[in-house]
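Enquirer: Questions regarding the structure given below will be posed in turn.
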2 protein chains.
Amino acid sequence: MKVELATSYGFCFGVKRAIEIAEKHKNSATMGPLIHNQNEIDRLENDYNVGLYKSLEDVKDKQTVIIRTHGIPKNDLKFLRAKDTKVINATCPFVTTPQQIVKKMSKEGYSILIFGDNDHPEVKGVQSYGEDQEDVHIVINPNEIDSIKFKHDKVATIAQTTKKKEKYLEIVNALILKNKEVRVFNTICDATLENQDAAKALSQKVDLMIVIGGKNSSNTKQLHSICIENCKDSYLIENEKDLKPQWFKNKSHCGLTAGASTPDWVIQAVLKYIEKV
Amino acid sequence: MKVELATSYGFCFGVKRAIEIAEKHKNSATMGPLIHNQNEIDRLENDYNVGLYKSLEDVKDKQTVIIRTHGIPKNDLKFLRAKDTKVINATCPFVTTPQQIVKKMSKEGYSILIFGDNDHPEVKGVQSYGEDQEDVHIVINPNEIDSIKFKHDKVATIAQTTKKKEKYLEIVNALILKNKEVRVFNTICDATLENQDAAKALSQKVDLMIVIGGKNSSNTKQLHSICIENCKDSYLIENEKDLKPQWFKNKSHCGLTAGASTPDWVIQAVLKYIEKV
């Protein structure tokens, strides 16, 4: 089987950075899963004894706590810093930016609109930086804008870093038609887009596409949905064990990409497997 | 002939206000034509002796100078105020707003983008309020954005009050894809839109449409282009003398609308003419 890797795939800058931080802090623990990939979390635990706190109450004194790439809510960070723990902030700088924008804009009297998933940890973290929580609104579709009652006639808007720009523009357009001033911050991460553009290009020329990533990772799901648009035989897997031989029947050219949280050693294992099909 | 008037047409708030100001200042003169309608300018001259200055050099001492609805460039206003004249500012408040936005935003370090016609007096006036004239850019189409070299990575944008929102959104979208922060001010005037919406609705149900307005007036031309989309027999006229009997042959239902600078007495004369066709 001929396998072709997308020209851009896998780890982004923020994830690479967070993993390096974790590897440098043996015997530490992360607040929530560091990235959306169980294999990598297992590797960090096995090789570096990096543990995982599921809730704030689990955090023990004298421990080193690593804040994950997605960030955590403002008050959770405050709580950790007040304890007798060492806090290492591995929040991606591209996530810190929208957090600070929300803080600054709500202080300056703007209503806040976040384009993102309500229950995504990044969004929860970013949302928490609003001064007036009742005036921080989260939407996923432009038609939700109509029913929002903004407290101010000026609105600042940011997007979850892993969202699609086209959809963000639709939301921004709905906002502009409703408000006198809309302050648009383009917080969508280019790394995600580079992977998306590469996945789009590759999925247009192959027989099947394999997308490797966590099944809960929103950027991986997005890659998968982009691939399906161009290549109906596109499959989302977490590692080589999820591959099914029947997918490759009567196919000769397989495209391969991976979400922003997929470690390179997982990708290499999948690549080797497919080459032998 | 059955004639139907659009549910909204003619003078907007700013024009009504400017005409009232002119009527209250007999023997004054306006800096540039007060509105885009020669008939109304003639009436003000005949009934109130309101003259017209074509250039700053024409302005005489001791005169009362009325600044027209579109506003004038900042330095021209300064020049007039420094002279021994009485300056009455009839600039529409909806035009003063973008002037002040451009002033404030360029002081705060934003590059400025104006969506409008390069040679329109309103745009020339608004443009003049930018601190750094090299960083005030005027576009009419989204594809012009690509070639602009903004001095800053944050851009503030405003639109000529009489422009279409849909086109403004296209321009804003192109800006957002290129810049980290875009501060969008929706300066498009609702009065214009109300006339446009009413013209659109009416032009969909009549045999022919008559649009009354100055042939240089951009909002009148826009009304005409909206009508043509729905009713190919749409005609732009300045007054009843421009009407041609052959337009009404084999027609039974005539729609009527008028640009924001068309006085009611002109509209009434056209209405009477058509009713008798």
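Scheme for the structure tokens: letters A, B, ... for chains in order shown; per-chain residue numbers from 1; ligand numbers from 1 in order shown.
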Quick one: which residues from chain B are at most 8 Å off chain A, using only C-alpha atoms, as a JSON list (two decimals) with C-alpha atoms, in the first residue's frame?

Expert:
```json
[["chain", "number", "residue", "atom", "x", "y", "z"],
["B", 165, "LYS", "CA", -24.17, 45.78, 4.65],
["B", 169, "LEU", "CA", -19.42, 41.98, 5.62],
["B", 173, "ASN", "CA", -14.35, 38.90, 6.39],
["B", 176, "ILE", "CA", -10.37, 39.18, 9.65],
["B", 177, "LEU", "CA", -8.58, 36.50, 7.66],
["B", 179, "ASN", "CA", -5.35, 40.56, 10.72],
["B", 180, "LYS", "CA", -5.19, 39.51, 14.35],
["B", 181, "GLU", "CA", -7.66, 42.15, 15.52],
["B", 182, "VAL", "CA", -10.35, 43.84, 13.50],
["B", 183, "ARG", "CA", -12.52, 46.43, 15.15],
["B", 184, "VAL", "CA", -15.69, 46.64, 13.13],
["B", 185, "PHE", "CA", -17.92, 49.69, 13.43],
["B", 186, "ASN", "CA", -21.25, 49.30, 11.76],
["B", 187, "THR", "CA", -21.69, 52.86, 10.53]]
```

Enquirer: Excluding same-chain residues fewer than 5 positions from Gln38 (chain A), what lies within 10 Å of it counting only C-alpha atoms, as a list of chain:residue names?

Expert: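 So the residues in contact are A:Pro33, A:Arg43, A:Leu44, A:Gly213, A:Gly214, A:Lys215, A:Glu238, A:Ser261, A:Thr262.
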
Enquirer: Which residues are near Ser8 (chain B)? Cut-off 8 Å, only C-alpha atoms, ignore same chain within fewer than 4 positions. Put them as a PyMOL selection string.

Expert: chain B and resi 194-195+198-199+257

Enquirer: Which residues come within 7 Å of Thr162 (chain B), counting only C-alpha atoms, excluding same-chain residues fewer than 6 positions away, as a PyMOL selection string?

Expert: chain B and resi 188-189+192+219

Enquirer: Write the residues of the selection above to a file with all heavy atoms, as a PDB file, in the first residue's frame.

Expert:
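See out.pdb below for the written result:
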```pdb
ATOM      1  N   ILE B 188     -23.167  51.937   8.853  1.00  0.00           N
ATOM      2  CA  ILE B 188     -24.129  52.039   7.758  1.00  0.00           C
ATOM      3  C   ILE B 188     -25.464  52.504   8.333  1.00  0.00           C
ATOM      4  O   ILE B 188     -25.911  52.026   9.372  1.00  0.00           O
ATOM      5  CB  ILE B 188     -24.254  50.688   7.017  1.00  0.00           C
ATOM      6  CG1 ILE B 188     -22.922  50.376   6.326  1.00  0.00           C
ATOM      7  CG2 ILE B 188     -25.399  50.720   6.020  1.00  0.00           C
ATOM      8  CD1 ILE B 188     -22.855  49.029   5.669  1.00  0.00           C
ATOM      9  N   CYS B 189     -26.041  53.474   7.630  1.00  0.00           N
ATOM     10  CA  CYS B 189     -27.217  54.141   8.164  1.00  0.00           C
ATOM     11  C   CYS B 189     -28.484  53.306   7.943  1.00  0.00           C
ATOM     12  O   CYS B 189     -28.743  52.846   6.834  1.00  0.00           O
ATOM     13  CB  CYS B 189     -27.351  55.492   7.480  1.00  0.00           C
ATOM     14  SG  CYS B 189     -28.660  56.459   8.194  1.00  0.00           S
ATOM     15  N   THR B 192     -31.095  54.495   5.243  1.00  0.00           N
ATOM     16  CA  THR B 192     -30.805  54.039   3.879  1.00  0.00           C
ATOM     17  C   THR B 192     -31.318  52.628   3.680  1.00  0.00           C
ATOM     18  O   THR B 192     -31.925  52.304   2.657  1.00  0.00           O
ATOM     19  CB  THR B 192     -29.274  54.064   3.653  1.00  0.00           C
ATOM     20  OG1 THR B 192     -28.793  55.348   4.012  1.00  0.00           O
ATOM     21  CG2 THR B 192     -28.935  53.771   2.217  1.00  0.00           C
ATOM     22  N   ASN B 219     -26.696  56.777  -2.828  1.00  0.00           N
ATOM     23  CA  ASN B 219     -27.779  55.976  -2.270  1.00  0.00           C
ATOM     24  C   ASN B 219     -28.928  55.819  -3.258  1.00  0.00           C
ATOM     25  O   ASN B 219     -29.601  54.789  -3.289  1.00  0.00           O
ATOM     26  CB  ASN B 219     -28.235  56.506  -0.898  1.00  0.00           C
ATOM     27  CG  ASN B 219     -29.257  57.604  -0.985  1.00  0.00           C
ATOM     28  OD1 ASN B 219     -30.447  57.337  -1.150  1.00  0.00           O
ATOM     29  ND2 ASN B 219     -28.802  58.847  -0.905  1.00  0.00           N
TER      30      ASN B 219
END
```

Enquirer: For Leu52 (chain A), which residue out of A:Ile19, A:Ala29, A:Ile112, A:Ile140 is the nearest one, using only C-alpha atoms?

Expert: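 Using only C-alpha atoms, the shortest distance to Leu52 (chain A) belongs to A:Ala29.
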
Enquirer: Quick one: residues within 8 Å of region 66-68 of chain A, only C-alpha atoms, excluding same-chain residues fewer than 6 positions away - as a ChimeraX atom specification?

Expert: /A:18,22,28-35,87-92

Enquirer: Taking the DSSP assignment computed from this structure's backbone, write out as number ranges by chain all residues of region 112-198 of chain A that belong to alpha helix (DSSP H).

Expert: A: 121-127, 165-178, 190-198

Enquirer: List as a ChimeraX atom specification the protein and nucleic acid residues near Val277 (chain B), meaning an atom at most 8 Å away when only C-alpha atoms are counted, but skip any in the same chain fewer than 5 places from it.

Expert: /B:1,245,248

Enquirer: Check the smallest atom-to-atom distance from each of B:Asp190, B:His253, B:Ser111, B:Ser225 to Leu208 (chain B) using only C-alpha atoms, then report the winner.

Expert: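 Closest to Leu208 (chain B), using only C-alpha atoms: B:His253.
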
Enquirer: Going by DSSP on the backbone, which residues of region 12-257 of chain B come out as strand (DSSP E)? List them as an MDAnalysis selection string.

Expert: chainID B and resid 29:31 51:53 64:67 86:89 111:115 136:139 154:159 181:185 208:212 234:237 253:257

Enquirer: Go through B:Lys241, B:Asn75, B:Thr85, B:Asp132 one by one, measure the shortest atom-to-atom distance of each to Lys103 (chain B) using only C-alpha atoms, and give the residue with the smallest value.

Expert: B:Asp132

Enquirer: Report, in Å to a single decimal, how far apart CA of Asp207 (chain B) and CA of Ile274 (chain B) are.

Expert: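 CA of Ile274 (chain B) sits 13.2 Å away from CA of Asp207 (chain B).
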
Enquirer: What's the 10 Å shell around region 264-271 of chain A, counting only C-alpha atoms, without same-chain residues fewer than 2 positions away, as an MDAnalysis selection string?

Expert: chainID A and resid 3:5 9:11 39:40 210:213 237:243 254:258 261:262 273:276

Enquirer: Using only C-alpha atoms, which of the listed residues (B:Ile148, B:Ile72, B:Leu175, B:Leu223) sits closest to Tyr129 (chain B)?

Expert: B:Ile72

Enquirer: CA of Gln222 (chain B) and CA of Lys164 (chain B) are how many Å apart?

Expert: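 Result for CA of Gln222 (chain B) versus CA of Lys164 (chain B): 8.4 Å, one decimal.
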